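Source file structure-v1.pdb; content: PDB, C-alpha atoms and all ligand atoms.
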ATOM      1  CA  MET H   1     124.329 132.513  92.563
ATOM      2  CA  SER H   2     126.699 133.889  95.167
ATOM      3  CA  VAL H   3     128.568 137.157  94.792
ATOM      4  CA  ILE H   4     131.858 137.954  96.473
ATOM      5  CA  VAL H   5     133.240 141.479  96.297
ATOM      6  CA  GLU H   6     136.888 141.620  97.366
ATOM      7  CA  GLU H   7     138.605 144.887  98.215
ATOM      8  CA  VAL H   8     137.021 146.708  95.296
ATOM      9  CA  SER H   9     138.135 150.312  94.870
ATOM     10  CA  LYS H  10     137.257 152.784  92.156
ATOM     11  CA  THR H  11     138.826 156.170  91.746
ATOM     12  CA  TYR H  12     137.798 158.987  89.438
ATOM     13  CA  GLY H  13     140.908 161.110  89.223
ATOM     14  CA  SER H  14     141.950 161.568  92.818
ATOM     15  CA  GLN H  15     138.446 160.930  94.168
ATOM     16  CA  PHE H  16     137.546 157.577  95.707
ATOM     17  CA  ALA H  17     134.070 156.499  94.613
ATOM     18  CA  LEU H  18     134.656 153.100  96.263
ATOM     19  CA  ASP H  19     137.289 152.440  98.888
ATOM     20  CA  LYS H  20     138.186 148.771  99.471
ATOM     21  CA  VAL H  21     134.642 147.477  99.487
ATOM     22  CA  SER H  22     134.350 143.824 100.529
ATOM     23  CA  PHE H  23     131.269 141.718 101.197
ATOM     24  CA  THR H  24     129.635 138.411 100.345
ATOM     25  CA  VAL H  25     126.094 137.730  99.181
ATOM     26  CA  ASP H  26     124.797 134.184  99.456
ATOM     27  CA  SER H  27     122.835 132.629  96.648
ATOM     28  CA  GLY H  28     119.117 133.483  96.718
ATOM     29  CA  THR H  29     119.526 136.565  98.871
ATOM     30  CA  VAL H  30     117.846 139.892  98.197
ATOM     31  CA  LEU H  31     120.450 142.449  99.193
ATOM     32  CA  GLY H  32     119.500 146.099  99.521
ATOM     33  CA  ILE H  33     122.288 148.628  99.104
ATOM     34  CA  LEU H  34     121.371 151.662 101.124
ATOM     35  CA  GLY H  35     123.204 154.955 101.090
ATOM     36  CA  PRO H  36     122.871 158.667 100.375
ATOM     37  CA  ASN H  37     123.550 160.223  96.969
ATOM     38  CA  GLY H  38     127.199 159.940  96.019
ATOM     39  CA  ALA H  39     127.796 156.982  98.359
ATOM     40  CA  GLY H  40     129.017 154.842  95.449
ATOM     41  CA  LYS H  41     125.956 152.615  94.952
ATOM     42  CA  SER H  42     125.767 152.981  91.166
ATOM     43  CA  THR H  43     129.525 152.575  90.798
ATOM     44  CA  LEU H  44     129.414 149.354  92.824
ATOM     45  CA  LEU H  45     126.479 147.936  90.848
ATOM     46  CA  LYS H  46     128.089 148.840  87.501
ATOM     47  CA  ILE H  47     131.234 146.992  88.560
ATOM     48  CA  ILE H  48     129.326 143.880  89.660
ATOM     49  CA  ALA H  49     127.256 144.007  86.459
ATOM     50  CA  GLY H  50     130.489 144.144  84.448
ATOM     51  CA  TYR H  51     129.896 147.591  82.902
ATOM     52  CA  LEU H  52     132.768 149.251  84.703
ATOM     53  CA  ARG H  53     136.162 147.948  85.709
ATOM     54  CA  PRO H  54     137.313 148.492  89.281
ATOM     55  CA  SER H  55     140.596 150.372  89.821
ATOM     56  CA  SER H  56     141.590 147.455  92.051
ATOM     57  CA  GLY H  57     139.981 144.439  93.654
ATOM     58  CA  LEU H  58     137.781 141.792  92.114
ATOM     59  CA  VAL H  59     134.299 140.346  91.901
ATOM     60  CA  LYS H  60     133.631 136.619  92.060
ATOM     61  CA  ILE H  61     130.379 135.155  90.861
ATOM     62  CA  ASN H  62     129.716 131.606  92.034
ATOM     63  CA  GLY H  63     133.341 131.464  93.105
ATOM     64  CA  ILE H  64     134.687 132.405  89.666
ATOM     65  CA  ILE H  65     136.409 135.718  88.981
ATOM     66  CA  ALA H  66     133.993 137.711  86.851
ATOM     67  CA  ASP H  67     135.127 138.427  83.294
ATOM     68  CA  PRO H  68     132.693 140.942  81.780
ATOM     69  CA  GLU H  69     133.926 140.168  78.257
ATOM     70  CA  GLN H  70     132.549 136.649  78.460
ATOM     71  CA  LEU H  71     129.106 136.084  77.023
ATOM     72  CA  SER H  72     128.479 133.289  79.527
ATOM     73  CA  PHE H  73     128.979 135.835  82.275
ATOM     74  CA  LYS H  74     126.618 138.383  80.717
ATOM     75  CA  ARG H  75     123.959 135.683  80.390
ATOM     76  CA  MET H  76     123.907 135.150  84.140
ATOM     77  CA  ILE H  77     123.247 138.804  84.918
ATOM     78  CA  GLY H  78     120.250 141.058  84.450
ATOM     79  CA  TYR H  79     120.903 144.756  84.955
ATOM     80  CA  LEU H  80     118.538 147.687  85.273
ATOM     81  CA  PRO H  81     120.679 150.844  85.248
ATOM     82  CA  GLU H  82     119.829 153.962  87.190
ATOM     83  CA  ASN H  83     117.277 156.195  85.399
ATOM     84  CA  ASN H  84     116.276 153.208  83.267
ATOM     85  CA  PRO H  85     117.368 154.284  79.789
ATOM     86  CA  LEU H  86     114.853 153.042  77.181
ATOM     87  CA  TYR H  87     114.098 153.556  73.491
ATOM     88  CA  THR H  88     110.992 155.686  73.839
ATOM     89  CA  ASP H  89     110.044 155.384  70.156
ATOM     90  CA  LEU H  90     109.759 151.606  70.260
ATOM     91  CA  TYR H  91     106.643 149.677  71.158
ATOM     92  CA  VAL H  92     106.933 147.621  74.330
ATOM     93  CA  ARG H  93     106.902 144.291  72.562
ATOM     94  CA  GLU H  94     109.213 145.530  69.826
ATOM     95  CA  TYR H  95     111.761 146.618  72.406
ATOM     96  CA  LEU H  96     111.608 143.374  74.352
ATOM     97  CA  ARG H  97     112.007 141.426  71.098
ATOM     98  CA  LEU H  98     115.136 143.458  70.386
ATOM     99  CA  VAL H  99     116.599 142.633  73.802
ATOM    100  CA  ALA H 100     115.632 138.960  73.496
ATOM    101  CA  GLY H 101     117.410 138.947  70.122
ATOM    102  CA  LEU H 102     120.603 140.308  71.662
ATOM    103  CA  TYR H 103     120.617 137.389  74.092
ATOM    104  CA  LYS H 104     119.776 134.962  71.267
ATOM    105  CA  ILE H 105     116.910 133.540  73.293
ATOM    106  CA  PRO H 106     115.271 130.482  71.766
ATOM    107  CA  ASN H 107     111.445 130.368  71.566
ATOM    108  CA  ARG H 108     111.491 134.141  71.696
ATOM    109  CA  ASN H 109     107.747 134.730  71.419
ATOM    110  CA  LYS H 110     106.914 132.306  74.173
ATOM    111  CA  ARG H 111     109.498 133.826  76.488
ATOM    112  CA  MET H 112     108.204 137.328  75.765
ATOM    113  CA  ASP H 113     104.668 136.308  76.621
ATOM    114  CA  GLU H 114     105.959 134.926  79.916
ATOM    115  CA  ILE H 115     107.909 138.062  80.725
ATOM    116  CA  ILE H 116     105.022 140.373  79.812
ATOM    117  CA  GLU H 117     102.753 138.361  82.063
ATOM    118  CA  MET H 118     105.307 138.278  84.887
ATOM    119  CA  THR H 119     105.887 142.034  84.848
ATOM    120  CA  GLY H 120     102.212 142.918  84.391
ATOM    121  CA  LEU H 121     102.727 144.676  81.059
ATOM    122  CA  GLY H 122      99.841 142.980  79.274
ATOM    123  CA  SER H 123      97.604 146.024  79.053
ATOM    124  CA  GLU H 124     100.394 148.241  77.685
ATOM    125  CA  ILE H 125     102.109 146.227  74.962
ATOM    126  CA  HIS H 126     100.355 148.080  72.156
ATOM    127  CA  LYS H 127     101.841 151.404  73.369
ATOM    128  CA  LYS H 128     105.105 153.090  72.598
ATOM    129  CA  ILE H 129     107.454 153.184  75.583
ATOM    130  CA  GLY H 130     107.386 156.988  75.492
ATOM    131  CA  ALA H 131     103.645 156.923  76.159
ATOM    132  CA  LEU H 132     103.924 154.830  79.330
ATOM    133  CA  SER H 133     103.674 156.076  82.913
ATOM    134  CA  LYS H 134     106.838 155.997  84.995
ATOM    135  CA  GLY H 135     105.638 152.866  86.821
ATOM    136  CA  TYR H 136     105.096 150.979  83.559
ATOM    137  CA  ARG H 137     108.440 152.160  82.193
ATOM    138  CA  GLN H 138     110.047 150.601  85.264
ATOM    139  CA  ARG H 139     108.218 147.372  84.466
ATOM    140  CA  VAL H 140     109.669 147.504  80.946
ATOM    141  CA  GLY H 141     113.112 148.061  82.500
ATOM    142  CA  LEU H 142     112.582 145.053  84.751
ATOM    143  CA  ALA H 143     111.323 143.000  81.811
ATOM    144  CA  GLN H 144     114.464 143.720  79.760
ATOM    145  CA  ALA H 145     116.622 142.778  82.764
ATOM    146  CA  LEU H 146     114.709 139.500  83.179
ATOM    147  CA  VAL H 147     114.149 138.386  79.624
ATOM    148  CA  HIS H 148     117.115 135.966  79.550
ATOM    149  CA  ASP H 149     116.204 134.573  83.003
ATOM    150  CA  PRO H 150     119.411 135.651  84.763
ATOM    151  CA  SER H 151     120.312 134.146  88.133
ATOM    152  CA  LEU H 152     121.697 137.462  89.324
ATOM    153  CA  LEU H 153     119.530 140.552  89.049
ATOM    154  CA  ILE H 154     121.036 143.992  89.607
ATOM    155  CA  LEU H 155     118.614 146.910  89.973
ATOM    156  CA  ASP H 156     119.901 150.441  90.472
ATOM    157  CA  GLU H 157     117.269 152.522  92.311
ATOM    158  CA  PRO H 158     114.380 150.690  90.657
ATOM    159  CA  THR H 159     111.727 152.612  92.599
ATOM    160  CA  SER H 160     113.077 156.138  92.421
ATOM    161  CA  GLY H 161     110.574 158.685  91.142
ATOM    162  CA  LEU H 162     107.544 156.432  91.502
ATOM    163  CA  ASP H 163     104.337 157.503  93.204
ATOM    164  CA  PRO H 164     103.284 155.578  96.357
ATOM    165  CA  ALA H 165     100.951 153.162  94.560
ATOM    166  CA  GLN H 166     103.504 152.367  91.844
ATOM    167  CA  LEU H 167     106.137 151.986  94.528
ATOM    168  CA  ILE H 168     104.203 149.262  96.298
ATOM    169  CA  GLU H 169     103.542 147.457  93.013
ATOM    170  CA  ILE H 170     107.168 147.522  91.915
ATOM    171  CA  ARG H 171     108.348 146.358  95.348
ATOM    172  CA  GLN H 172     105.883 143.483  95.198
ATOM    173  CA  LEU H 173     107.102 142.660  91.721
ATOM    174  CA  ILE H 174     110.731 142.592  92.900
ATOM    175  CA  ARG H 175     109.676 140.272  95.737
ATOM    176  CA  ASN H 176     107.892 137.960  93.316
ATOM    177  CA  ILE H 177     110.703 137.721  90.803
ATOM    178  CA  SER H 178     113.323 137.239  93.474
ATOM    179  CA  THR H 179     112.472 133.610  94.166
ATOM    180  CA  ASN H 180     115.370 131.499  92.864
ATOM    181  CA  LYS H 181     117.421 134.600  92.130
ATOM    182  CA  THR H 182     120.073 136.619  93.860
ATOM    183  CA  VAL H 183     118.976 140.240  93.734
ATOM    184  CA  LEU H 184     121.068 143.323  94.439
ATOM    185  CA  PHE H 185     119.237 146.606  94.410
ATOM    186  CA  SER H 186     120.090 150.083  95.542
ATOM    187  CA  THR H 187     117.913 152.619  97.257
ATOM    188  CA  HIS H 188     118.177 155.605  99.519
ATOM    189  CA  ILE H 189     114.899 154.747 101.250
ATOM    190  CA  MET H 190     115.132 152.962 104.586
ATOM    191  CA  GLN H 191     111.543 151.597 104.457
ATOM    192  CA  GLU H 192     112.277 149.963 101.169
ATOM    193  CA  VAL H 193     114.974 147.700 102.541
ATOM    194  CA  GLU H 194     112.599 146.591 105.283
ATOM    195  CA  ALA H 195     109.907 145.764 102.753
ATOM    196  CA  VAL H 196     112.013 143.858 100.257
ATOM    197  CA  CYS H 197     115.424 142.719 101.533
ATOM    198  CA  ASP H 198     116.909 139.791 103.399
ATOM    199  CA  ARG H 199     120.115 141.723 104.041
ATOM    200  CA  VAL H 200     121.117 145.368 103.921
ATOM    201  CA  LEU H 201     124.491 146.774 102.968
ATOM    202  CA  ILE H 202     124.983 150.338 104.063
ATOM    203  CA  LEU H 203     127.387 152.323 101.964
ATOM    204  CA  ASN H 204     128.634 155.793 102.791
ATOM    205  CA  GLN H 205     131.381 157.754 101.070
ATOM    206  CA  GLY H 206     132.554 154.687  99.194
ATOM    207  CA  LYS H 207     132.897 152.524 102.299
ATOM    208  CA  VAL H 208     130.837 149.704 103.766
ATOM    209  CA  VAL H 209     129.319 150.907 107.035
ATOM    210  CA  ALA H 210     127.284 147.799 107.859
ATOM    211  CA  LEU H 211     125.930 144.545 106.458
ATOM    212  CA  GLU H 212     122.985 143.423 108.554
ATOM    213  CA  THR H 213     119.462 142.083 108.460
ATOM    214  CA  PRO H 214     116.721 144.723 108.025
ATOM    215  CA  ASP H 215     115.554 144.011 111.603
ATOM    216  CA  LYS H 216     118.949 144.798 113.034
ATOM    217  CA  ILE H 217     119.236 147.941 110.931
ATOM    218  CA  LYS H 218     115.793 149.036 112.063
ATOM    219  CA  LYS H 219     116.768 148.561 115.696
ATOM    220  CA  LEU H 220     119.961 150.493 115.160
ATOM    221  CA  SER H 221     118.056 153.321 113.550
ATOM    222  CA  VAL H 222     115.734 153.846 116.508
ATOM    223  CA  GLN H 223     118.224 153.184 119.260
ATOM    224  CA  GLN H 224     120.677 155.657 120.547
ATOM    225  CA  ILE H 225     124.183 154.373 119.987
ATOM    226  CA  ARG H 226     126.464 154.827 122.990
ATOM    227  CA  LYS H 227     130.208 154.930 122.776
ATOM    228  CA  VAL H 228     132.475 154.266 125.757
ATOM    229  CA  THR H 229     136.251 154.504 125.935
ATOM    230  CA  VAL H 230     137.814 152.010 128.301
ATOM    231  CA  GLU H 231     141.495 151.790 129.199
ATOM    232  CA  PHE H 232     143.277 149.260 131.404
ATOM    233  CA  SER H 233     146.704 149.355 133.019
ATOM    234  CA  GLU H 234     147.799 146.405 130.906
ATOM    235  CA  PRO H 235     146.819 144.782 127.583
ATOM    236  CA  VAL H 236     143.615 142.716 127.756
ATOM    237  CA  PRO H 237     142.081 140.402 125.142
ATOM    238  CA  GLU H 238     139.052 141.676 123.222
ATOM    239  CA  MET H 239     137.220 138.496 124.203
ATOM    240  CA  ILE H 240     136.643 139.756 127.725
ATOM    241  CA  PHE H 241     133.817 141.997 126.461
ATOM    242  CA  GLU H 242     131.828 139.055 125.133
ATOM    243  CA  THR H 243     129.960 138.592 128.396
ATOM    244  CA  ILE H 244     128.416 142.061 128.193
ATOM    245  CA  SER H 245     125.129 142.110 126.350
ATOM    246  CA  GLY H 246     124.150 144.900 123.975
ATOM    247  CA  ILE H 247     127.636 145.531 122.610
ATOM    248  CA  LEU H 248     127.462 146.308 118.893
ATOM    249  CA  LYS H 249     131.090 146.815 118.053
ATOM    250  CA  ILE H 250     134.501 146.902 119.716
ATOM    251  CA  GLU H 251     137.299 148.965 118.315
ATOM    252  CA  GLN H 252     140.812 148.485 119.679
ATOM    253  CA  ILE H 253     142.737 151.745 119.627
ATOM    254  CA  ALA H 254     145.788 150.631 121.633
ATOM    255  CA  ALA H 255     147.027 147.416 123.266
ATOM    256  CA  ASN H 256     145.178 148.285 126.467
ATOM    257  CA  LYS H 257     142.518 150.664 125.157
ATOM    258  CA  TYR H 258     139.169 150.056 123.444
ATOM    259  CA  ILE H 259     136.152 151.941 122.231
ATOM    260  CA  VAL H 260     133.005 149.967 122.952
ATOM    261  CA  TYR H 261     129.766 150.680 121.079
ATOM    262  CA  GLY H 262     126.441 149.637 122.513
ATOM    263  CA  SER H 263     122.755 150.351 122.200
ATOM    264  CA  THR H 264     121.234 149.178 125.464
ATOM    265  CA  GLY H 265     121.920 152.163 127.648
ATOM    266  CA  ASP H 266     124.957 153.123 129.672
ATOM    267  CA  LEU H 267     127.676 150.474 129.344
ATOM    268  CA  ARG H 268     129.940 151.932 132.030
ATOM    269  CA  PRO H 269     128.568 150.065 135.084
ATOM    270  CA  GLU H 270     128.897 146.715 133.283
ATOM    271  CA  LEU H 271     132.415 147.546 132.124
ATOM    272  CA  PHE H 272     133.401 148.569 135.615
ATOM    273  CA  ARG H 273     132.022 145.342 137.128
ATOM    274  CA  LEU H 274     133.801 143.339 134.432
ATOM    275  CA  ALA H 275     137.138 144.946 135.314
ATOM    276  CA  VAL H 276     136.615 144.213 139.005
ATOM    277  CA  LYS H 277     135.642 140.615 138.303
ATOM    278  CA  LYS H 278     138.661 140.029 136.070
ATOM    279  CA  LYS H 279     140.958 141.960 138.430
ATOM    280  CA  TYR H 280     142.021 144.470 135.772
ATOM    281  CA  THR H 281     142.958 147.973 136.809
ATOM    282  CA  LEU H 282     140.791 150.559 135.039
ATOM    283  CA  LEU H 283     142.569 153.747 134.053
ATOM    284  CA  THR H 284     139.853 155.313 131.920
ATOM    285  CA  LEU H 285     136.115 154.823 131.602
ATOM    286  CA  TYR H 286     134.108 157.528 129.932
ATOM    287  CA  GLU H 287     131.221 157.953 127.535
ATOM    288  CA  GLN H 288     131.466 160.332 124.628
ATOM    289  CA  GLU H 289     129.437 161.802 121.788
ATOM    290  CA  SER H 290     130.114 159.987 118.552
ATOM    291  CA  SER H 291     130.018 161.873 115.295
ATOM    292  CA  MET H 292     130.662 158.777 113.176
ATOM    293  CA  GLU H 293     127.749 156.916 114.714
ATOM    294  CA  ASN H 294     125.518 159.950 114.491
ATOM    295  CA  SER H 295     126.086 160.195 110.773
ATOM    296  CA  PHE H 296     125.419 156.456 110.580
ATOM    297  CA  LEU H 297     122.061 157.099 112.212
ATOM    298  CA  GLU H 298     121.295 159.942 109.831
ATOM    299  CA  LEU H 299     122.152 157.672 106.978
ATOM    300  CA  ILE H 300     119.784 154.869 107.814
ATOM    301  CA  LYS H 301     116.833 156.977 108.953
TER     302      LYS H 301
HETATM  303  N1  LIG H 401     131.959 159.003  85.614
HETATM  304  C1  LIG H 401     132.315 159.646  86.735
HETATM  305  N2  LIG H 401     133.307 160.562  86.728
HETATM  306  C2  LIG H 401     133.680 161.196  87.864
HETATM  307  N3  LIG H 401     133.122 160.994  89.064
HETATM  308  C3  LIG H 401     132.108 160.103  89.147
HETATM  309  C4  LIG H 401     131.645 159.385  87.986
HETATM  310  N4  LIG H 401     130.639 158.562  88.361
HETATM  311  C5  LIG H 401     130.478 158.761  89.692
HETATM  312  N5  LIG H 401     131.363 159.673  90.161
HETATM  313  C6  LIG H 401     131.495 160.104  91.565
HETATM  314  O1  LIG H 401     131.673 158.964  92.374
HETATM  315  C7  LIG H 401     130.925 159.073  93.581
HETATM  316  C8  LIG H 401     129.945 157.927  93.696
HETATM  317  O2  LIG H 401     128.936 158.063  92.703
HETATM  318  P1  LIG H 401     127.754 157.033  92.475
HETATM  319  O3  LIG H 401     128.338 155.663  92.410
HETATM  320  O4  LIG H 401     126.957 157.494  91.341
HETATM  321  O5  LIG H 401     126.938 157.179  93.847
HETATM  322  P2  LIG H 401     125.405 156.853  94.182
HETATM  323  O6  LIG H 401     124.879 155.959  93.120
HETATM  324  O7  LIG H 401     125.438 156.225  95.535
HETATM  325  O8  LIG H 401     124.677 158.163  94.208
HETATM  326  C9  LIG H 401     130.259 160.439  93.543
HETATM  327  O9  LIG H 401     131.055 161.329  94.260
HETATM  328  C10 LIG H 401     130.238 160.769  92.068
HETATM  329  O10 LIG H 401     130.280 162.167  91.854
HETATM  330 MG    MG H 402     123.317 156.101  91.904
END
Using the file provided, produce a representation of the structure as structure tokens.
Ligand SMILES: Nc1ncnc2c1ncn2[C@@H]1O[C@H](COP(=O)(O)OP(=O)(O)O)[C@@H](O)[C@H]1O
Ligand SMILES: [Mg+2]
Amino acid sequence: MSVIVEEVSKTYGSQFALDKVSFTVDSGTVLGILGPNGAGKSTLLKIIAGYLRPSSGLVKINGIIADPEQLSFKRMIGYLPENNPLYTDLYVREYLRLVAGLYKIPNRNKRMDEIIEMTGLGSEIHKKIGALSKGYRQRVGLAQALVHDPSLLILDEPTSGLDPAQLIEIRQLIRNISTNKTVLFSTHIMQEVEAVCDRVLILNQGKVVALETPDKIKKLSVQQIRKVTVEFSEPVPEMIFETISGILKIEQIAANKYIVYGSTGDLRPELFRLAVKKKYTLLTLYEQESSMENSFLELIK
């Protein structure tokens, strides 16, 4: 199940919680959404799950514009909200039966046995939810999100507040259940995206900062990002930079002026040699401190 998010914005009053967020998730991918508190992670997940309408923009699921009112749409999605709200007075099995009933699942008892087995709740089903440890409550939250076998699973900070042992178990569980499913989950822990995700979306202040593989993000987080301003006497095509290795991003700021971001040391000698080779006249070539990239580094540490 693929997910396409197109120019989604959400404002609360005058405040932008999401600002033209666009990205695509291929079917079967586990996508981690990484960002500090207030970045807009929960808002984004609520919108994709159909619990909140965007102020503008749209979400497509398997190429079809998502309509949260449609039952067929709800059936495809499993959602574990942040802070995992549960009925603490219900017994585990009682609660799961209630959820299964809402989805009108056939062979309810059989499906519940499967889900209890899958989420490792077997030893706890005789307890009330209120009596469970935080780790087991998260398993109940995962179980309710999975009971109707959705193809898209949306988990909002599923591991927050867990102790290290529970954390490892829940991560493993997410890995196990993610076969044949597209999974979106949010976290503010860098290590988590390495452990669980195929791709990482970094969100900061309502904007997408990066969408990369965990490996690439890890490299970025340990490497110093260098930023060089380069100006020529005449307009030059952006393509000319392609021959230089280690360039992460090119930002054109005028017809003949670029900011070049790299991670493999000083880019200036290479840029100078490139200009000579191509017979361009260099007017400016200097390296500068980058506050944007520094905050990016802070973010993904
Ligand atoms: N219901 C709401 N009313 C007003 N502002 C909100 C509401 N929900 C979230 N916000 C604001 O939107 C921004 C993004 O919040 P949220 O999506 O919860 O971020 P995250 O999950 O990354 O911590 C924050 O500045 C938050 O205060
Ligand atoms: Mg949140």
Kindly work out which residues sit at most 10 Å from ligand LIG 401 (chain H), using all atoms listed in the file, and give the list as an MDAnalysis selection string.
chainID H and resid 10:18 33:47 52 82 156:157 186:188 203:206
Given the file shown, determine the residues that the PyMOL selection byres (((chain H and resi 237-253) around 8) and not hetatm) selects; report them as a PyMOL selection string.
chain H and resi 235-236+254-255+257-264+270-271
Include C-alpha atoms and write out the residues we just selected as a PDB file, in the frame of the given file.
ATOM      1  CA  PRO H 235     146.819 144.782 127.583  1.00  0.00           C
ATOM      2  CA  VAL H 236     143.615 142.716 127.756  1.00  0.00           C
ATOM      3  CA  ALA H 254     145.788 150.631 121.633  1.00  0.00           C
ATOM      4  CA  ALA H 255     147.027 147.416 123.266  1.00  0.00           C
ATOM      5  CA  LYS H 257     142.518 150.664 125.157  1.00  0.00           C
ATOM      6  CA  TYR H 258     139.169 150.056 123.444  1.00  0.00           C
ATOM      7  CA  ILE H 259     136.152 151.941 122.231  1.00  0.00           C
ATOM      8  CA  VAL H 260     133.005 149.967 122.952  1.00  0.00           C
ATOM      9  CA  TYR H 261     129.766 150.680 121.079  1.00  0.00           C
ATOM     10  CA  GLY H 262     126.441 149.637 122.513  1.00  0.00           C
ATOM     11  CA  SER H 263     122.755 150.351 122.200  1.00  0.00           C
ATOM     12  CA  THR H 264     121.234 149.178 125.464  1.00  0.00           C
ATOM     13  CA  GLU H 270     128.897 146.715 133.283  1.00  0.00           C
ATOM     14  CA  LEU H 271     132.415 147.546 132.124  1.00  0.00           C
TER      15      LEU H 271
END
Nearest-residue call for Lys128 (chain H), choices H:Asp89, H:Tyr95, H:Leu155, H:Phe23, using only C-alpha atoms
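The answer is H:Asp89, which sits nearest to Lys128 (chain H).
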Centre and size of axis-aligned box enclosing region 149-167 of chain H plus 4 Å each side, as lines of an AutoDock Vina configuration file:
center_x = 111.3
center_y = 146.4
center_z = 89.7
size_x = 28.7
size_y = 32.5
size_z = 21.4
Do you know which residues the PyMOL selection byres (((chain H and resi 140) around 12) and not hetatm) returns on this file, as a PDB file with C-alpha atoms, keeping the file's coordinate frame?
ATOM      1  CA  LEU H  80     118.538 147.687  85.273  1.00  0.00           C
ATOM      2  CA  ASN H  84     116.276 153.208  83.267  1.00  0.00           C
ATOM      3  CA  PRO H  85     117.368 154.284  79.789  1.00  0.00           C
ATOM      4  CA  LEU H  86     114.853 153.042  77.181  1.00  0.00           C
ATOM      5  CA  TYR H  87     114.098 153.556  73.491  1.00  0.00           C
ATOM      6  CA  THR H  88     110.992 155.686  73.839  1.00  0.00           C
ATOM      7  CA  LEU H  90     109.759 151.606  70.260  1.00  0.00           C
ATOM      8  CA  TYR H  91     106.643 149.677  71.158  1.00  0.00           C
ATOM      9  CA  VAL H  92     106.933 147.621  74.330  1.00  0.00           C
ATOM     10  CA  ARG H  93     106.902 144.291  72.562  1.00  0.00           C
ATOM     11  CA  GLU H  94     109.213 145.530  69.826  1.00  0.00           C
ATOM     12  CA  TYR H  95     111.761 146.618  72.406  1.00  0.00           C
ATOM     13  CA  LEU H  96     111.608 143.374  74.352  1.00  0.00           C
ATOM     14  CA  ARG H  97     112.007 141.426  71.098  1.00  0.00           C
ATOM     15  CA  VAL H  99     116.599 142.633  73.802  1.00  0.00           C
ATOM     16  CA  MET H 112     108.204 137.328  75.765  1.00  0.00           C
ATOM     17  CA  ILE H 115     107.909 138.062  80.725  1.00  0.00           C
ATOM     18  CA  ILE H 116     105.022 140.373  79.812  1.00  0.00           C
ATOM     19  CA  GLU H 117     102.753 138.361  82.063  1.00  0.00           C
ATOM     20  CA  MET H 118     105.307 138.278  84.887  1.00  0.00           C
ATOM     21  CA  THR H 119     105.887 142.034  84.848  1.00  0.00           C
ATOM     22  CA  GLY H 120     102.212 142.918  84.391  1.00  0.00           C
ATOM     23  CA  LEU H 121     102.727 144.676  81.059  1.00  0.00           C
ATOM     24  CA  GLY H 122      99.841 142.980  79.274  1.00  0.00           C
ATOM     25  CA  GLU H 124     100.394 148.241  77.685  1.00  0.00           C
ATOM     26  CA  ILE H 125     102.109 146.227  74.962  1.00  0.00           C
ATOM     27  CA  LYS H 127     101.841 151.404  73.369  1.00  0.00           C
ATOM     28  CA  LYS H 128     105.105 153.090  72.598  1.00  0.00           C
ATOM     29  CA  ILE H 129     107.454 153.184  75.583  1.00  0.00           C
ATOM     30  CA  GLY H 130     107.386 156.988  75.492  1.00  0.00           C
ATOM     31  CA  LEU H 132     103.924 154.830  79.330  1.00  0.00           C
ATOM     32  CA  SER H 133     103.674 156.076  82.913  1.00  0.00           C
ATOM     33  CA  LYS H 134     106.838 155.997  84.995  1.00  0.00           C
ATOM     34  CA  GLY H 135     105.638 152.866  86.821  1.00  0.00           C
ATOM     35  CA  TYR H 136     105.096 150.979  83.559  1.00  0.00           C
ATOM     36  CA  ARG H 137     108.440 152.160  82.193  1.00  0.00           C
ATOM     37  CA  GLN H 138     110.047 150.601  85.264  1.00  0.00           C
ATOM     38  CA  ARG H 139     108.218 147.372  84.466  1.00  0.00           C
ATOM     39  CA  GLY H 141     113.112 148.061  82.500  1.00  0.00           C
ATOM     40  CA  LEU H 142     112.582 145.053  84.751  1.00  0.00           C
ATOM     41  CA  ALA H 143     111.323 143.000  81.811  1.00  0.00           C
ATOM     42  CA  GLN H 144     114.464 143.720  79.760  1.00  0.00           C
ATOM     43  CA  ALA H 145     116.622 142.778  82.764  1.00  0.00           C
ATOM     44  CA  LEU H 146     114.709 139.500  83.179  1.00  0.00           C
ATOM     45  CA  VAL H 147     114.149 138.386  79.624  1.00  0.00           C
ATOM     46  CA  PRO H 158     114.380 150.690  90.657  1.00  0.00           C
ATOM     47  CA  ILE H 170     107.168 147.522  91.915  1.00  0.00           C
TER      48      ILE H 170
END
When you count all atoms listed in the file, which of these residues is closest to Pro54 (chain H): H:Val193, H:Val8, H:Val228, H:Val25?
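With all atoms listed in the file as the atom set, the closest residue is H:Val8.
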Do you know which residues the PyMOL selection byres (((chain H and resi 62) around 7) and not hetatm) returns on this file, as a list in words?
Met1, Ser2, Val3, Lys60, Ile61, Gly63 and Ile64 of chain H
Start from the incomplete input, build N, CA and C atoms for region 81-85 of chain H, and deliver everything as an mmCIF file, in the frame of the given file.
data_model
loop_
_atom_site.group_PDB
_atom_site.id
_atom_site.type_symbol
_atom_site.label_atom_id
_atom_site.label_comp_id
_atom_site.auth_asym_id
_atom_site.auth_seq_id
_atom_site.Cartn_x
_atom_site.Cartn_y
_atom_site.Cartn_z
ATOM 1 N N PRO H 81 119.870 149.698 84.829
ATOM 2 C CA PRO H 81 120.679 150.844 85.248
ATOM 3 C C PRO H 81 119.826 151.936 85.893
ATOM 4 N N GLU H 82 120.504 152.817 86.585
ATOM 5 C CA GLU H 82 119.829 153.962 87.190
ATOM 6 C C GLU H 82 119.168 154.776 86.065
ATOM 7 N N ASN H 83 118.039 155.375 86.350
ATOM 8 C CA ASN H 83 117.277 156.195 85.399
ATOM 9 C C ASN H 83 116.750 155.422 84.191
ATOM 10 N N ASN H 84 116.921 154.076 84.231
ATOM 11 C CA ASN H 84 116.276 153.208 83.267
ATOM 12 C C ASN H 84 116.227 153.746 81.833
ATOM 13 N N PRO H 85 117.379 153.782 81.166
ATOM 14 C CA PRO H 85 117.368 154.284 79.789
ATOM 15 C C PRO H 85 116.617 153.340 78.848
#
